[in-house]
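Data file: final.cif. Format and content: mmCIF, N, CA and C atoms.
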```
data_upload
loop_
_atom_site.label_atom_id
_atom_site.label_comp_id
_atom_site.auth_asym_id
_atom_site.auth_seq_id
_atom_site.Cartn_x
_atom_site.Cartn_y
_atom_site.Cartn_z
N MET A 46 56.02 -149.49 142.08
CA MET A 46 55.91 -148.36 142.99
C MET A 46 56.26 -147.09 142.23
N GLU A 47 55.51 -146.06 142.45
CA GLU A 47 55.70 -144.77 141.80
C GLU A 47 56.98 -144.09 142.30
N SER A 48 57.65 -143.33 141.43
CA SER A 48 58.92 -142.69 141.77
C SER A 48 58.84 -141.84 143.02
N SER A 49 57.76 -141.05 143.16
CA SER A 49 57.65 -140.18 144.33
C SER A 49 57.53 -141.00 145.62
N ASN A 50 56.82 -142.13 145.55
CA ASN A 50 56.71 -143.00 146.72
C ASN A 50 58.05 -143.62 147.08
N ILE A 51 58.84 -143.97 146.06
CA ILE A 51 60.16 -144.54 146.31
C ILE A 51 61.03 -143.53 147.05
N VAL A 52 61.08 -142.31 146.55
CA VAL A 52 61.92 -141.30 147.18
C VAL A 52 61.43 -141.01 148.59
N ASN A 53 60.13 -140.95 148.79
CA ASN A 53 59.59 -140.67 150.12
C ASN A 53 59.93 -141.78 151.11
N SER A 54 60.18 -142.98 150.62
CA SER A 54 60.49 -144.10 151.51
C SER A 54 61.96 -144.13 151.92
N ILE A 55 62.80 -143.32 151.30
CA ILE A 55 64.23 -143.29 151.63
C ILE A 55 64.44 -142.53 152.94
N LEU A 56 65.14 -143.16 153.88
CA LEU A 56 65.42 -142.53 155.16
C LEU A 56 66.64 -141.62 155.11
N SER A 57 67.61 -141.96 154.28
CA SER A 57 68.85 -141.20 154.17
C SER A 57 68.59 -139.86 153.48
N PRO A 58 68.77 -138.74 154.21
CA PRO A 58 68.52 -137.45 153.57
C PRO A 58 69.45 -137.17 152.39
N GLU A 59 70.68 -137.66 152.48
CA GLU A 59 71.63 -137.39 151.39
C GLU A 59 71.27 -138.20 150.14
N LEU A 60 70.96 -139.47 150.32
CA LEU A 60 70.58 -140.28 149.16
C LEU A 60 69.24 -139.81 148.59
N LYS A 61 68.38 -139.31 149.45
CA LYS A 61 67.08 -138.79 149.00
C LYS A 61 67.28 -137.59 148.07
N ARG A 62 68.23 -136.71 148.40
CA ARG A 62 68.50 -135.54 147.55
C ARG A 62 69.01 -135.98 146.18
N VAL A 63 69.92 -136.95 146.17
CA VAL A 63 70.47 -137.43 144.89
C VAL A 63 69.37 -138.11 144.07
N ALA A 64 68.58 -138.96 144.71
CA ALA A 64 67.50 -139.66 144.01
C ALA A 64 66.49 -138.67 143.43
N ASN A 65 66.14 -137.64 144.19
CA ASN A 65 65.21 -136.62 143.68
C ASN A 65 65.74 -135.95 142.42
N LYS A 66 67.03 -135.65 142.41
CA LYS A 66 67.63 -135.01 141.24
C LYS A 66 67.60 -135.95 140.04
N LEU A 67 67.95 -137.22 140.23
CA LEU A 67 67.94 -138.17 139.13
C LEU A 67 66.53 -138.36 138.58
N ILE A 68 65.55 -138.41 139.46
CA ILE A 68 64.16 -138.55 139.01
C ILE A 68 63.71 -137.28 138.29
N LYS A 69 64.09 -136.12 138.81
CA LYS A 69 63.76 -134.85 138.15
C LYS A 69 64.36 -134.82 136.74
N ASP A 70 65.55 -135.41 136.59
CA ASP A 70 66.22 -135.48 135.28
C ASP A 70 65.67 -136.61 134.42
N LYS A 71 64.61 -137.28 134.91
CA LYS A 71 63.91 -138.35 134.18
C LYS A 71 64.77 -139.58 133.91
N VAL A 72 65.69 -139.87 134.84
CA VAL A 72 66.48 -141.10 134.74
C VAL A 72 65.59 -142.25 135.23
N PRO A 73 65.37 -143.27 134.39
CA PRO A 73 64.49 -144.36 134.79
C PRO A 73 65.04 -145.18 135.96
N ILE A 74 64.14 -145.61 136.82
CA ILE A 74 64.47 -146.54 137.90
C ILE A 74 64.29 -147.94 137.34
N THR A 75 65.33 -148.78 137.48
CA THR A 75 65.25 -150.15 136.97
C THR A 75 64.90 -151.15 138.06
N PHE A 76 65.14 -150.79 139.33
CA PHE A 76 64.82 -151.70 140.43
C PHE A 76 64.74 -150.91 141.72
N TYR A 77 63.81 -151.31 142.58
CA TYR A 77 63.72 -150.76 143.92
C TYR A 77 63.37 -151.91 144.86
N GLY A 78 64.16 -152.08 145.91
CA GLY A 78 63.87 -153.12 146.88
C GLY A 78 65.15 -153.65 147.48
N LYS A 79 65.03 -154.81 148.09
CA LYS A 79 66.20 -155.46 148.68
C LYS A 79 66.93 -156.21 147.59
N ALA A 80 68.14 -155.78 147.32
CA ALA A 80 68.89 -156.28 146.17
C ALA A 80 69.34 -157.72 146.32
N TRP A 81 69.48 -158.20 147.53
CA TRP A 81 69.84 -159.60 147.76
C TRP A 81 69.34 -159.98 149.15
N SER A 82 69.33 -161.25 149.43
CA SER A 82 68.69 -161.75 150.65
C SER A 82 69.32 -161.23 151.94
N ALA A 83 70.61 -160.98 151.97
CA ALA A 83 71.27 -160.51 153.19
C ALA A 83 71.11 -159.00 153.38
N ASN A 84 70.60 -158.32 152.38
CA ASN A 84 70.45 -156.88 152.45
C ASN A 84 69.26 -156.52 153.34
N LYS A 85 69.46 -155.59 154.26
CA LYS A 85 68.41 -155.23 155.21
C LYS A 85 67.57 -154.03 154.75
N SER A 86 68.11 -153.22 153.86
CA SER A 86 67.44 -151.99 153.43
C SER A 86 67.21 -151.99 151.93
N ASN A 87 66.34 -151.10 151.50
CA ASN A 87 66.04 -150.99 150.08
C ASN A 87 67.13 -150.22 149.33
N TRP A 88 67.33 -150.61 148.11
CA TRP A 88 68.25 -149.94 147.21
C TRP A 88 67.47 -149.50 145.98
N ILE A 89 67.90 -148.39 145.39
CA ILE A 89 67.31 -147.91 144.15
C ILE A 89 68.38 -148.02 143.06
N TYR A 90 67.99 -148.61 141.96
CA TYR A 90 68.88 -148.75 140.80
C TYR A 90 68.38 -147.86 139.68
N PHE A 91 69.28 -147.03 139.15
CA PHE A 91 68.96 -146.13 138.06
C PHE A 91 69.63 -146.60 136.77
N ASP A 92 68.97 -146.36 135.66
CA ASP A 92 69.46 -146.75 134.35
C ASP A 92 70.38 -145.67 133.80
N LYS A 93 71.51 -145.51 134.46
CA LYS A 93 72.47 -144.47 134.08
C LYS A 93 73.81 -144.77 134.74
N ILE A 94 74.87 -144.45 134.05
CA ILE A 94 76.20 -144.48 134.66
C ILE A 94 76.32 -143.23 135.52
N LEU A 95 76.57 -143.41 136.80
CA LEU A 95 76.66 -142.29 137.73
C LEU A 95 78.11 -141.84 137.87
N ASP A 96 78.33 -140.55 137.73
CA ASP A 96 79.65 -139.97 137.95
C ASP A 96 79.78 -139.73 139.46
N LEU A 97 80.36 -140.70 140.16
CA LEU A 97 80.38 -140.67 141.62
C LEU A 97 81.11 -139.45 142.18
N ASN A 98 82.23 -139.08 141.58
CA ASN A 98 82.98 -137.92 142.06
C ASN A 98 82.17 -136.64 141.90
N LYS A 99 81.53 -136.49 140.76
CA LYS A 99 80.72 -135.30 140.50
C LYS A 99 79.53 -135.23 141.46
N ILE A 100 78.86 -136.36 141.67
CA ILE A 100 77.71 -136.38 142.57
C ILE A 100 78.15 -136.09 144.00
N ARG A 101 79.25 -136.70 144.44
CA ARG A 101 79.74 -136.45 145.81
C ARG A 101 80.02 -134.97 146.01
N SER A 102 80.64 -134.35 145.03
CA SER A 102 80.97 -132.94 145.13
C SER A 102 79.72 -132.05 145.05
N GLU A 103 78.87 -132.32 144.07
CA GLU A 103 77.68 -131.50 143.85
C GLU A 103 76.73 -131.52 145.04
N PHE A 104 76.59 -132.69 145.68
CA PHE A 104 75.65 -132.83 146.79
C PHE A 104 76.34 -132.78 148.15
N ASN A 105 77.66 -132.54 148.14
CA ASN A 105 78.43 -132.43 149.38
C ASN A 105 78.13 -133.61 150.32
N LEU A 106 78.26 -134.82 149.78
CA LEU A 106 77.94 -136.03 150.55
C LEU A 106 78.93 -136.23 151.68
N GLY A 107 78.42 -136.57 152.84
CA GLY A 107 79.24 -136.73 154.03
C GLY A 107 79.95 -138.07 154.09
N SER A 108 80.66 -138.28 155.18
CA SER A 108 81.48 -139.48 155.34
C SER A 108 80.65 -140.74 155.57
N ASP A 109 79.37 -140.58 155.92
CA ASP A 109 78.51 -141.76 156.09
C ASP A 109 78.05 -142.32 154.75
N ILE A 110 78.27 -141.59 153.68
CA ILE A 110 77.91 -142.06 152.34
C ILE A 110 79.19 -142.60 151.69
N ILE A 111 79.22 -143.92 151.51
CA ILE A 111 80.41 -144.55 150.93
C ILE A 111 80.12 -145.02 149.51
N GLU A 112 81.18 -145.12 148.74
CA GLU A 112 81.05 -145.62 147.37
C GLU A 112 81.01 -147.14 147.37
N HIS A 113 80.24 -147.66 146.44
CA HIS A 113 80.13 -149.11 146.28
C HIS A 113 80.26 -149.42 144.79
N LYS A 114 81.07 -150.43 144.50
CA LYS A 114 81.18 -150.92 143.12
C LYS A 114 81.10 -152.44 143.14
N ASN A 115 80.29 -152.98 142.27
CA ASN A 115 80.21 -154.42 142.08
C ASN A 115 80.78 -154.70 140.70
N LEU A 116 81.89 -155.41 140.66
CA LEU A 116 82.58 -155.69 139.40
C LEU A 116 82.37 -157.12 138.94
N ASP A 117 81.43 -157.84 139.56
CA ASP A 117 81.16 -159.23 139.23
C ASP A 117 80.10 -159.32 138.14
N PRO A 118 80.48 -159.71 136.92
CA PRO A 118 79.51 -159.76 135.83
C PRO A 118 78.38 -160.77 136.07
N LYS A 119 78.59 -161.73 136.98
CA LYS A 119 77.54 -162.72 137.26
C LYS A 119 76.40 -162.12 138.09
N SER A 120 76.73 -161.20 138.98
CA SER A 120 75.70 -160.64 139.85
C SER A 120 75.30 -159.23 139.45
N GLY A 121 75.96 -158.65 138.47
CA GLY A 121 75.58 -157.33 137.99
C GLY A 121 76.66 -156.30 138.19
N LEU A 122 76.94 -155.55 137.15
CA LEU A 122 77.93 -154.48 137.20
C LEU A 122 77.23 -153.20 137.62
N GLU A 123 77.67 -152.63 138.74
CA GLU A 123 77.00 -151.44 139.27
C GLU A 123 77.96 -150.60 140.08
N SER A 124 77.64 -149.34 140.20
CA SER A 124 78.38 -148.47 141.11
C SER A 124 77.42 -147.41 141.63
N GLY A 125 77.70 -146.97 142.84
CA GLY A 125 76.84 -145.97 143.45
C GLY A 125 77.25 -145.71 144.88
N PHE A 126 76.25 -145.42 145.71
CA PHE A 126 76.51 -145.04 147.09
C PHE A 126 75.68 -145.86 148.06
N ILE A 127 76.24 -146.06 149.25
CA ILE A 127 75.52 -146.69 150.36
C ILE A 127 75.63 -145.74 151.55
N ASP A 128 74.51 -145.55 152.23
CA ASP A 128 74.52 -144.81 153.49
C ASP A 128 74.78 -145.82 154.60
N VAL A 129 75.91 -145.68 155.29
CA VAL A 129 76.27 -146.67 156.31
C VAL A 129 75.32 -146.65 157.51
N LYS A 130 74.63 -145.55 157.73
CA LYS A 130 73.68 -145.47 158.84
C LYS A 130 72.39 -146.22 158.53
N THR A 131 71.84 -146.00 157.35
CA THR A 131 70.55 -146.61 156.99
C THR A 131 70.71 -147.90 156.20
N GLU A 132 71.91 -148.14 155.67
CA GLU A 132 72.22 -149.28 154.80
C GLU A 132 71.46 -149.24 153.48
N GLU A 133 70.91 -148.08 153.14
CA GLU A 133 70.24 -147.91 151.86
C GLU A 133 71.28 -147.66 150.78
N GLY A 134 70.94 -148.03 149.55
CA GLY A 134 71.85 -147.83 148.45
C GLY A 134 71.19 -147.14 147.28
N LEU A 135 72.01 -146.45 146.52
CA LEU A 135 71.58 -145.79 145.30
C LEU A 135 72.61 -146.16 144.25
N MET A 136 72.20 -146.93 143.27
CA MET A 136 73.14 -147.50 142.30
C MET A 136 72.80 -147.07 140.88
N GLY A 137 73.85 -147.10 140.07
CA GLY A 137 73.72 -146.88 138.65
C GLY A 137 74.50 -147.96 137.92
N LYS A 138 74.45 -147.90 136.61
CA LYS A 138 75.19 -148.87 135.80
C LYS A 138 76.68 -148.56 135.89
N LEU A 139 77.49 -149.60 135.79
CA LEU A 139 78.93 -149.41 135.80
C LEU A 139 79.44 -149.11 134.39
N ILE A 140 78.85 -149.79 133.43
CA ILE A 140 79.23 -149.55 132.02
C ILE A 140 77.98 -149.47 131.17
#
```
Please express what this file holds, its structure, as structure tokens.
Amino acid sequence: MESSNIVNSILSPELKRVANKLIKDKVPITFYGKAWSANKSNWIYFDKILDLNKIRSEFNLGSDIIEHKNLDPKSGLESGFIDVKTEEGLMGKLI
């Protein structure tokens, strides 16, 4: 799926703004879709370590956008944001 189509499919306005900036900065998308079987919404994975504090501040992310970190090396090391309303996620590499 093309980057512009991916961003257009995001319902969360806040995650959409962040994703647009990362795509504008030419950060490659490594995965788009349902990250695991119990996941109800699509997640976007970027090939970059995301500075969560900087992004939260720069984009003035609200309380519905929570931080997520997966520290399990078996299922993938990642960190990013989840919109609790849409259950969409925007992830980057942890290391």
Using all atoms listed in the file, which residues of region 55-101 of chain A come within 8 Å of region 127-139 of chain A, and what is the closest atom pair for each, with the distance in Å to one decimal? Give it as a tab-separated table, sorted by chain and residue number.
```
residue	atom	partner	partner_atom	distance
A:Ile55	CA	A:Glu133	CA	7.6
A:Leu56	C	A:Thr131	CA	6.6
A:Ser57	N	A:Thr131	CA	6.1
A:Leu60	CA	A:Leu135	CA	6.8
A:Ala64	CA	A:Leu135	CA	7.5
A:Asn84	C	A:Glu132	C	7.6
A:Lys85	C	A:Glu132	C	6.3
A:Ser86	CA	A:Glu132	C	4.9
A:Asn87	C	A:Gly134	N	4.4
A:Trp88	CA	A:Gly134	N	4.0
A:Ile89	C	A:Met136	N	4.0
A:Tyr90	CA	A:Met136	C	4.3
A:Phe91	N	A:Met136	C	3.9
A:Asp92	C	A:Lys138	N	5.4
A:Lys93	C	A:Lys138	N	3.7
A:Ile94	CA	A:Lys138	C	4.3
A:Leu95	N	A:Gly137	CA	4.9
A:Asp96	N	A:Gly137	CA	7.9
```
Please dump the current selection as a PDB file, keeping the file's coordinate frame; keep N, CA and C atoms.
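Output saved as part-v2.pdb:
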```pdb
ATOM      1  N   ILE A  55      62.800-143.320 151.300  1.00  0.00           N
ATOM      2  CA  ILE A  55      64.230-143.290 151.630  1.00  0.00           C
ATOM      3  C   ILE A  55      64.440-142.530 152.940  1.00  0.00           C
ATOM      4  N   LEU A  56      65.140-143.160 153.880  1.00  0.00           N
ATOM      5  CA  LEU A  56      65.420-142.530 155.160  1.00  0.00           C
ATOM      6  C   LEU A  56      66.640-141.620 155.110  1.00  0.00           C
ATOM      7  N   SER A  57      67.610-141.960 154.280  1.00  0.00           N
ATOM      8  CA  SER A  57      68.850-141.200 154.170  1.00  0.00           C
ATOM      9  C   SER A  57      68.590-139.860 153.480  1.00  0.00           C
ATOM     10  N   LEU A  60      70.960-139.470 150.320  1.00  0.00           N
ATOM     11  CA  LEU A  60      70.580-140.280 149.160  1.00  0.00           C
ATOM     12  C   LEU A  60      69.240-139.810 148.590  1.00  0.00           C
ATOM     13  N   ALA A  64      68.580-138.960 144.710  1.00  0.00           N
ATOM     14  CA  ALA A  64      67.500-139.660 144.010  1.00  0.00           C
ATOM     15  C   ALA A  64      66.490-138.670 143.430  1.00  0.00           C
ATOM     16  N   ASN A  84      70.600-158.320 152.380  1.00  0.00           N
ATOM     17  CA  ASN A  84      70.450-156.880 152.450  1.00  0.00           C
ATOM     18  C   ASN A  84      69.260-156.520 153.340  1.00  0.00           C
ATOM     19  N   LYS A  85      69.460-155.590 154.260  1.00  0.00           N
ATOM     20  CA  LYS A  85      68.410-155.230 155.210  1.00  0.00           C
ATOM     21  C   LYS A  85      67.570-154.030 154.750  1.00  0.00           C
ATOM     22  N   SER A  86      68.110-153.220 153.860  1.00  0.00           N
ATOM     23  CA  SER A  86      67.440-151.990 153.430  1.00  0.00           C
ATOM     24  C   SER A  86      67.210-151.990 151.930  1.00  0.00           C
ATOM     25  N   ASN A  87      66.340-151.100 151.500  1.00  0.00           N
ATOM     26  CA  ASN A  87      66.040-150.990 150.080  1.00  0.00           C
ATOM     27  C   ASN A  87      67.130-150.220 149.330  1.00  0.00           C
ATOM     28  N   TRP A  88      67.330-150.610 148.110  1.00  0.00           N
ATOM     29  CA  TRP A  88      68.250-149.940 147.210  1.00  0.00           C
ATOM     30  C   TRP A  88      67.470-149.500 145.980  1.00  0.00           C
ATOM     31  N   ILE A  89      67.900-148.390 145.390  1.00  0.00           N
ATOM     32  CA  ILE A  89      67.310-147.910 144.150  1.00  0.00           C
ATOM     33  C   ILE A  89      68.380-148.020 143.060  1.00  0.00           C
ATOM     34  N   TYR A  90      67.990-148.610 141.960  1.00  0.00           N
ATOM     35  CA  TYR A  90      68.880-148.750 140.800  1.00  0.00           C
ATOM     36  C   TYR A  90      68.380-147.860 139.680  1.00  0.00           C
ATOM     37  N   PHE A  91      69.280-147.030 139.150  1.00  0.00           N
ATOM     38  CA  PHE A  91      68.960-146.130 138.060  1.00  0.00           C
ATOM     39  C   PHE A  91      69.630-146.600 136.770  1.00  0.00           C
ATOM     40  N   ASP A  92      68.970-146.360 135.660  1.00  0.00           N
ATOM     41  CA  ASP A  92      69.460-146.750 134.350  1.00  0.00           C
ATOM     42  C   ASP A  92      70.380-145.670 133.800  1.00  0.00           C
ATOM     43  N   LYS A  93      71.510-145.510 134.460  1.00  0.00           N
ATOM     44  CA  LYS A  93      72.470-144.470 134.080  1.00  0.00           C
ATOM     45  C   LYS A  93      73.810-144.770 134.740  1.00  0.00           C
ATOM     46  N   ILE A  94      74.870-144.450 134.050  1.00  0.00           N
ATOM     47  CA  ILE A  94      76.200-144.480 134.660  1.00  0.00           C
ATOM     48  C   ILE A  94      76.320-143.230 135.520  1.00  0.00           C
ATOM     49  N   LEU A  95      76.570-143.410 136.800  1.00  0.00           N
ATOM     50  CA  LEU A  95      76.660-142.290 137.730  1.00  0.00           C
ATOM     51  C   LEU A  95      78.110-141.840 137.870  1.00  0.00           C
ATOM     52  N   ASP A  96      78.330-140.550 137.730  1.00  0.00           N
ATOM     53  CA  ASP A  96      79.650-139.970 137.950  1.00  0.00           C
ATOM     54  C   ASP A  96      79.780-139.730 139.460  1.00  0.00           C
TER      55      ASP A  96
END
```
Can you measure CA of Ile100 (chain A) to CA of Phe76 (chain A) for me? One decimal in Å is fine. 20.1 Å
Test item, alpha helix (DSSP H) assignment across chain A, answer as a list in words: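 Restricting chain A to alpha helix (DSSP H) produces Ser48, Ser49, Asn50, Ile51, Val52, Asn53, Ser54, Pro58, Glu59, Leu60, Lys61, Arg62, Val63, Ala64, Asn65, Lys66, Leu67, Ile68, Lys69, Leu97, Asn98, Lys99, Ile100, Arg101, Ser102 and Glu103 of chain A.
With only C-alpha atoms as the basis for measurement, A:Ile140 is the residue among A:Asn98, A:Asn65, A:Ile140, A:Ser49 that approaches Gly121 (chain A) most closely.
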Quick one: pick out all strand (DSSP E) residues within region 61-94 of chain A from a backbone DSSP run and write them as a list of chain:residue names. A:Ile74, A:Thr75, A:Phe76, A:Tyr77, A:Gly78, A:Trp88, A:Ile89, A:Tyr90, A:Phe91, A:Asp92, A:Lys93, A:Ile94
Same residues, N, CA and C atoms, saved as a short mmCIF file (atom, residue, chain, number, x, y, z; two decimals), in the frame of the given file:
```cif
data_model
loop_
_atom_site.label_atom_id
_atom_site.label_comp_id
_atom_site.auth_asym_id
_atom_site.auth_seq_id
_atom_site.Cartn_x
_atom_site.Cartn_y
_atom_site.Cartn_z
N ILE A 74 64.14 -145.61 136.82
CA ILE A 74 64.47 -146.54 137.90
C ILE A 74 64.29 -147.94 137.34
N THR A 75 65.33 -148.78 137.48
CA THR A 75 65.25 -150.15 136.97
C THR A 75 64.90 -151.15 138.06
N PHE A 76 65.14 -150.79 139.33
CA PHE A 76 64.82 -151.70 140.43
C PHE A 76 64.74 -150.91 141.72
N TYR A 77 63.81 -151.31 142.58
CA TYR A 77 63.72 -150.76 143.92
C TYR A 77 63.37 -151.91 144.86
N GLY A 78 64.16 -152.08 145.91
CA GLY A 78 63.87 -153.12 146.88
C GLY A 78 65.15 -153.65 147.48
N TRP A 88 67.33 -150.61 148.11
CA TRP A 88 68.25 -149.94 147.21
C TRP A 88 67.47 -149.50 145.98
N ILE A 89 67.90 -148.39 145.39
CA ILE A 89 67.31 -147.91 144.15
C ILE A 89 68.38 -148.02 143.06
N TYR A 90 67.99 -148.61 141.96
CA TYR A 90 68.88 -148.75 140.80
C TYR A 90 68.38 -147.86 139.68
N PHE A 91 69.28 -147.03 139.15
CA PHE A 91 68.96 -146.13 138.06
C PHE A 91 69.63 -146.60 136.77
N ASP A 92 68.97 -146.36 135.66
CA ASP A 92 69.46 -146.75 134.35
C ASP A 92 70.38 -145.67 133.80
N LYS A 93 71.51 -145.51 134.46
CA LYS A 93 72.47 -144.47 134.08
C LYS A 93 73.81 -144.77 134.74
N ILE A 94 74.87 -144.45 134.05
CA ILE A 94 76.20 -144.48 134.66
C ILE A 94 76.32 -143.23 135.52
#
```
As an exercise, work out the distance from CA of Thr75 (chain A) to CA of Ser108 (chain A) in Å and give it to one decimal place. 26.7 Å
So how many Å separate CA of Trp81 (chain A) and CA of Asn115 (chain A), to one decimal?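 The value is 12.9 Å.
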Around all the atoms of region 117-129 of chain A listed in the file, with 8 Å of room on each side, what axis-aligned box do you get, giving centre and edge lengths in Å to one decimal, as AutoDock Vina command-line options?
```
--center_x 78.0 --center_y -153.8 --center_z 146.7 --size_x 22.9 --size_y 33.9 --size_z 37.7
```
Using only N, CA and C atoms, which of A:Val52, A:Val63, A:Glu47, A:Asp117 sits nearest Phe104 (chain A)?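 Looking at the shortest contact to Phe104 (chain A), the residue is A:Val63.
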Which residues are near region 112-114 of chain A? Cut-off 6 Å, only C-alpha atoms, ignore same chain within fewer than 4 positions. Put them as number ranges by chain. A: 123-126
N, CA, C and O atoms are what I want for region 79-97 of chain A; can you complete it accordingly and write them as a PDB file, in the frame of the given file?
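Ended up saving to part20.pdb:
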```
ATOM      1  N   LYS A  79      65.030-154.810 148.090  1.00  0.00           N
ATOM      2  CA  LYS A  79      66.200-155.460 148.680  1.00  0.00           C
ATOM      3  C   LYS A  79      66.930-156.210 147.590  1.00  0.00           C
ATOM      4  O   LYS A  79      66.383-157.131 146.980  1.00  0.00           O
ATOM      5  N   ALA A  80      68.140-155.780 147.320  1.00  0.00           N
ATOM      6  CA  ALA A  80      68.890-156.280 146.170  1.00  0.00           C
ATOM      7  C   ALA A  80      69.340-157.720 146.320  1.00  0.00           C
ATOM      8  O   ALA A  80      69.562-158.398 145.332  1.00  0.00           O
ATOM      9  N   TRP A  81      69.480-158.200 147.530  1.00  0.00           N
ATOM     10  CA  TRP A  81      69.840-159.600 147.760  1.00  0.00           C
ATOM     11  C   TRP A  81      69.340-159.980 149.150  1.00  0.00           C
ATOM     12  O   TRP A  81      68.972-159.119 149.950  1.00  0.00           O
ATOM     13  N   SER A  82      69.330-161.250 149.430  1.00  0.00           N
ATOM     14  CA  SER A  82      68.690-161.750 150.650  1.00  0.00           C
ATOM     15  C   SER A  82      69.320-161.230 151.940  1.00  0.00           C
ATOM     16  O   SER A  82      68.624-161.059 152.938  1.00  0.00           O
ATOM     17  N   ALA A  83      70.610-160.980 151.970  1.00  0.00           N
ATOM     18  CA  ALA A  83      71.270-160.510 153.190  1.00  0.00           C
ATOM     19  C   ALA A  83      71.110-159.000 153.380  1.00  0.00           C
ATOM     20  O   ALA A  83      71.462-158.474 154.427  1.00  0.00           O
ATOM     21  N   ASN A  84      70.600-158.320 152.380  1.00  0.00           N
ATOM     22  CA  ASN A  84      70.450-156.880 152.450  1.00  0.00           C
ATOM     23  C   ASN A  84      69.260-156.520 153.340  1.00  0.00           C
ATOM     24  O   ASN A  84      68.176-157.080 153.189  1.00  0.00           O
ATOM     25  N   LYS A  85      69.460-155.590 154.260  1.00  0.00           N
ATOM     26  CA  LYS A  85      68.410-155.230 155.210  1.00  0.00           C
ATOM     27  C   LYS A  85      67.570-154.030 154.750  1.00  0.00           C
ATOM     28  O   LYS A  85      66.460-153.837 155.212  1.00  0.00           O
ATOM     29  N   SER A  86      68.110-153.220 153.860  1.00  0.00           N
ATOM     30  CA  SER A  86      67.440-151.990 153.430  1.00  0.00           C
ATOM     31  C   SER A  86      67.210-151.990 151.930  1.00  0.00           C
ATOM     32  O   SER A  86      67.836-152.750 151.193  1.00  0.00           O
ATOM     33  N   ASN A  87      66.340-151.100 151.500  1.00  0.00           N
ATOM     34  CA  ASN A  87      66.040-150.990 150.080  1.00  0.00           C
ATOM     35  C   ASN A  87      67.130-150.220 149.330  1.00  0.00           C
ATOM     36  O   ASN A  87      67.736-149.300 149.891  1.00  0.00           O
ATOM     37  N   TRP A  88      67.330-150.610 148.110  1.00  0.00           N
ATOM     38  CA  TRP A  88      68.250-149.940 147.210  1.00  0.00           C
ATOM     39  C   TRP A  88      67.470-149.500 145.980  1.00  0.00           C
ATOM     40  O   TRP A  88      66.527-150.181 145.562  1.00  0.00           O
ATOM     41  N   ILE A  89      67.900-148.390 145.390  1.00  0.00           N
ATOM     42  CA  ILE A  89      67.310-147.910 144.150  1.00  0.00           C
ATOM     43  C   ILE A  89      68.380-148.020 143.060  1.00  0.00           C
ATOM     44  O   ILE A  89      69.515-147.589 143.253  1.00  0.00           O
ATOM     45  N   TYR A  90      67.990-148.610 141.960  1.00  0.00           N
ATOM     46  CA  TYR A  90      68.880-148.750 140.800  1.00  0.00           C
ATOM     47  C   TYR A  90      68.380-147.860 139.680  1.00  0.00           C
ATOM     48  O   TYR A  90      67.204-147.929 139.312  1.00  0.00           O
ATOM     49  N   PHE A  91      69.280-147.030 139.150  1.00  0.00           N
ATOM     50  CA  PHE A  91      68.960-146.130 138.060  1.00  0.00           C
ATOM     51  C   PHE A  91      69.630-146.600 136.770  1.00  0.00           C
ATOM     52  O   PHE A  91      70.736-147.138 136.800  1.00  0.00           O
ATOM     53  N   ASP A  92      68.970-146.360 135.660  1.00  0.00           N
ATOM     54  CA  ASP A  92      69.460-146.750 134.350  1.00  0.00           C
ATOM     55  C   ASP A  92      70.380-145.670 133.800  1.00  0.00           C
ATOM     56  O   ASP A  92      70.061-144.971 132.833  1.00  0.00           O
ATOM     57  N   LYS A  93      71.510-145.510 134.460  1.00  0.00           N
ATOM     58  CA  LYS A  93      72.470-144.470 134.080  1.00  0.00           C
ATOM     59  C   LYS A  93      73.810-144.770 134.740  1.00  0.00           C
ATOM     60  O   LYS A  93      73.858-145.277 135.859  1.00  0.00           O
ATOM     61  N   ILE A  94      74.870-144.450 134.050  1.00  0.00           N
ATOM     62  CA  ILE A  94      76.200-144.480 134.660  1.00  0.00           C
ATOM     63  C   ILE A  94      76.320-143.230 135.520  1.00  0.00           C
ATOM     64  O   ILE A  94      76.137-142.112 135.031  1.00  0.00           O
ATOM     65  N   LEU A  95      76.570-143.410 136.800  1.00  0.00           N
ATOM     66  CA  LEU A  95      76.660-142.290 137.730  1.00  0.00           C
ATOM     67  C   LEU A  95      78.110-141.840 137.870  1.00  0.00           C
ATOM     68  O   LEU A  95      78.996-142.658 138.100  1.00  0.00           O
ATOM     69  N   ASP A  96      78.330-140.550 137.730  1.00  0.00           N
ATOM     70  CA  ASP A  96      79.650-139.970 137.950  1.00  0.00           C
ATOM     71  C   ASP A  96      79.780-139.730 139.460  1.00  0.00           C
ATOM     72  O   ASP A  96      79.315-138.702 139.985  1.00  0.00           O
ATOM     73  N   LEU A  97      80.360-140.700 140.160  1.00  0.00           N
ATOM     74  CA  LEU A  97      80.380-140.670 141.620  1.00  0.00           C
ATOM     75  C   LEU A  97      81.110-139.450 142.180  1.00  0.00           C
ATOM     76  O   LEU A  97      80.657-138.839 143.148  1.00  0.00           O
TER      77      LEU A  97
END
```
